[in-house]
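As provided, upload34.cif (mmCIF, C-alpha atoms and all ligand atoms) reads as follows.
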data_work
loop_
_atom_site.group_PDB
_atom_site.id
_atom_site.type_symbol
_atom_site.label_atom_id
_atom_site.label_comp_id
_atom_site.auth_asym_id
_atom_site.auth_seq_id
_atom_site.Cartn_x
_atom_site.Cartn_y
_atom_site.Cartn_z
ATOM 1 C CA MET A 888 -38.993 13.685 32.629
ATOM 2 C CA LYS A 889 -37.034 15.229 29.774
ATOM 3 C CA PHE A 890 -34.536 12.403 29.962
ATOM 4 C CA ILE A 891 -37.244 9.773 29.605
ATOM 5 C CA LEU A 892 -38.708 11.585 26.593
ATOM 6 C CA LEU A 893 -35.277 11.675 25.007
ATOM 7 C CA LEU A 894 -34.842 7.935 25.539
ATOM 8 C CA LEU A 895 -38.225 7.242 23.938
ATOM 9 C CA LEU A 896 -37.287 9.379 20.948
ATOM 10 C CA LEU A 897 -33.983 7.567 20.535
ATOM 11 C CA ALA A 898 -35.603 4.151 20.916
ATOM 12 C CA GLN A 899 -38.001 4.773 18.055
ATOM 13 C CA PRO A 900 -36.739 3.899 14.634
ATOM 14 C CA ALA A 901 -36.606 7.020 12.510
ATOM 15 C CA GLY A 902 -36.101 7.611 8.827
ATOM 16 C CA LYS A 903 -33.120 9.497 7.487
ATOM 17 C CA ALA A 904 -35.237 12.431 6.443
ATOM 18 C CA GLU A 905 -36.786 12.621 9.901
ATOM 19 C CA LEU A 906 -33.385 12.497 11.541
ATOM 20 C CA ARG A 907 -32.060 15.198 9.243
ATOM 21 C CA GLN A 908 -35.114 17.327 10.029
ATOM 22 C CA LYS A 909 -34.556 16.894 13.771
ATOM 23 C CA ILE A 910 -30.894 17.775 13.435
ATOM 24 C CA ALA A 911 -31.779 20.844 11.404
ATOM 25 C CA ASP A 912 -34.378 21.889 13.988
ATOM 26 C CA LEU A 913 -31.935 21.435 16.842
ATOM 27 C CA LYS A 914 -29.220 23.329 14.995
ATOM 28 C CA LEU A 915 -31.639 26.179 14.410
ATOM 29 C CA LYS A 916 -32.604 26.169 18.096
ATOM 30 C CA ALA A 917 -28.945 26.106 19.108
ATOM 31 C CA PHE A 918 -28.297 29.051 16.795
ATOM 32 C CA GLU A 919 -31.232 30.993 18.237
ATOM 33 C CA MET A 920 -30.063 30.261 21.775
ATOM 34 C CA GLN A 921 -26.554 31.385 20.903
ATOM 35 C CA MET A 922 -28.000 34.644 19.582
ATOM 36 C CA GLN A 923 -29.987 35.103 22.788
ATOM 37 C CA ILE A 924 -26.914 34.395 24.904
ATOM 38 C CA GLU A 925 -24.915 36.971 22.978
ATOM 39 C CA LEU A 926 -27.726 39.509 23.290
ATOM 40 C CA LEU A 927 -28.006 38.917 27.050
ATOM 41 C CA GLU A 928 -24.249 39.105 27.476
ATOM 42 C CA LYS A 929 -24.258 42.428 25.665
ATOM 43 C CA GLN A 930 -27.083 43.712 27.882
ATOM 44 C CA LEU A 931 -25.203 42.573 30.993
ATOM 45 C CA HIS A 932 -22.095 44.308 29.733
ATOM 46 C CA ASP A 933 -24.059 47.519 29.137
ATOM 47 C CA VAL A 934 -25.566 47.388 32.646
ATOM 48 C CA GLU A 935 -22.171 46.803 34.207
ATOM 49 C CA GLU A 936 -20.714 49.677 32.238
ATOM 50 C CA ALA A 937 -23.559 51.972 33.259
ATOM 51 C CA GLU A 938 -23.077 51.003 36.904
ATOM 52 C CA ALA A 939 -19.364 51.733 36.691
ATOM 53 C CA ASN A 940 -20.076 55.196 35.271
ATOM 54 C CA LEU A 941 -22.668 56.075 37.895
ATOM 55 C CA PRO A 942 -21.598 58.706 40.399
ATOM 56 C CA PRO A 943 -21.695 57.577 44.028
ATOM 57 C CA PRO A 944 -25.119 57.998 45.607
ATOM 58 C CA THR A 945 -25.547 61.358 47.285
ATOM 59 C CA ILE A 946 -27.713 62.518 50.148
ATOM 60 C CA GLN A 947 -29.369 64.898 47.690
ATOM 61 C CA ALA A 948 -31.692 62.063 46.731
ATOM 62 C CA LYS A 949 -33.264 62.240 50.171
ATOM 63 C CA PRO A 950 -35.826 64.904 51.016
ATOM 64 C CA PRO A 951 -34.385 67.734 53.108
ATOM 65 C CA VAL A 952 -34.379 66.986 56.801
ATOM 66 C CA LYS A 953 -36.747 69.154 58.747
ATOM 67 C CA THR A 954 -35.093 71.001 61.566
ATOM 68 C CA ARG A 955 -36.911 72.185 64.599
ATOM 69 C CA CYS A 956 -37.216 75.880 65.285
ATOM 70 C CA SER A 957 -34.501 77.225 67.605
ATOM 71 C CA GLY A 958 -36.819 79.865 69.036
ATOM 72 C CA HIS A 959 -38.609 79.750 72.352
ATOM 73 C CA ASN A 960 -42.212 80.532 73.150
ATOM 74 C CA LYS A 961 -43.582 82.822 75.864
ATOM 75 C CA ASN A 962 -43.204 80.134 78.545
ATOM 76 C CA GLY A 963 -39.522 79.725 77.745
ATOM 77 C CA ALA A 964 -40.063 76.269 76.273
ATOM 78 C CA ARG A 965 -38.545 75.270 72.989
ATOM 79 C CA CYS A 966 -40.721 76.148 70.010
ATOM 80 C CA SER A 967 -42.323 73.012 68.618
ATOM 81 C CA ARG A 968 -42.675 74.238 65.031
ATOM 82 C CA ASN A 969 -40.416 73.166 62.199
ATOM 83 C CA ALA A 970 -37.886 75.722 61.042
ATOM 84 C CA GLU A 971 -38.340 77.207 57.590
ATOM 85 C CA ALA A 972 -36.138 75.936 54.795
ATOM 86 C CA GLY A 973 -32.643 77.393 55.105
ATOM 87 C CA SER A 974 -33.444 78.967 58.465
ATOM 88 C CA ARG A 975 -33.060 77.948 62.100
ATOM 89 C CA PHE A 976 -36.401 79.492 63.014
ATOM 90 C CA CYS A 977 -40.059 79.094 62.143
ATOM 91 C CA TRP A 978 -42.124 81.831 60.523
ATOM 92 C CA GLN A 979 -42.945 83.259 63.949
ATOM 93 C CA HIS A 980 -39.446 83.268 65.445
ATOM 94 C CA LYS A 981 -37.367 84.146 62.422
ATOM 95 C CA PRO A 982 -35.461 87.387 62.853
ATOM 96 C CA ARG A 983 -37.281 90.312 61.299
ATOM 97 C CA ARG A 984 -35.497 92.580 58.915
HETATM 98 ZN ZN ZN B 1 -40.548 78.930 66.390
#

If you convert what's in this file into structure tokens, what do you get?
Amino acid sequence: MKFILLLLLLAQPAGKAELRQKIADLKLKAFEMQMQIELLEKQLHDVEEAEANLPPPTIQAKPPVKTRCSGHNKNGARCSRNAEAGSRFCWQHKPRR
């Protein structure tokens, strides 16, 4: 479609002033595009640099894994509660001090 439009534009006779105007417009567009390309290249460079400086992902980003209580209930079965943070036992089975 663009190609056909271009052909139609070229086929039409155009005055010198019109041609100069078109050239000026296209030059301006080319300049603007060059600026955009440079800006995007700079952004890409910044992103790549930031990625390179990032520390390797750690497991700290994940929520702490819940561990099951190591205690046993009256029937001798394994306690089904979750252990408290930093402990192997739940609130009921944790060793008293
Ligand atoms: Zn327990």

For this session: Measure the distance from atom CA of A:Leu892 to atom CA of A:Phe918 in Å and round it to one decimal.
Result: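 Answer for the atom CA of A:Leu892 to atom CA of A:Phe918 separation: 22.6 Å.
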
Exercise. Distance atom CA of A:Leu893-atom CA of A:Glu919, one decimal place?
Worked result: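 Interatomic distance here is 20.9 Å.
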
Problem set entry | Surroundings of ligand ZN 1 (chain B) up to 6 Å, based on all atoms listed in the file, as a list in words |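 Written in the requested form, the residues are Cys956, Gly958, Cys966, Arg968, Phe976, Cys977, Gln979 and His980 of chain A.
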
Just the selected residues (C-alpha atoms), exported as a PDB file, in the frame of the given file, please.
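Final output, saved to again04.pdb:
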ATOM      1  CA  CYS A 956     -37.216  75.880  65.285  1.00  0.00           C
ATOM      2  CA  GLY A 958     -36.819  79.865  69.036  1.00  0.00           C
ATOM      3  CA  CYS A 966     -40.721  76.148  70.010  1.00  0.00           C
ATOM      4  CA  ARG A 968     -42.675  74.238  65.031  1.00  0.00           C
ATOM      5  CA  PHE A 976     -36.401  79.492  63.014  1.00  0.00           C
ATOM      6  CA  CYS A 977     -40.059  79.094  62.143  1.00  0.00           C
ATOM      7  CA  GLN A 979     -42.945  83.259  63.949  1.00  0.00           C
ATOM      8  CA  HIS A 980     -39.446  83.268  65.445  1.00  0.00           C
TER       9      HIS A 980
END

Exercise. For the atom pair atom CA of A:Gln921 and atom CA of A:Lys903, what is the interatomic distance in Å to one decimal place?
Worked result: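 Separating atom CA of A:Gln921 from atom CA of A:Lys903 is a distance of 26.5 Å.
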
Exercise. What would the list of residues within 10 Å of (-33.0, 71.8, 62.7) (file frame) look like as a count of residues only, if all atoms listed in the file are what count?
Worked result: 14
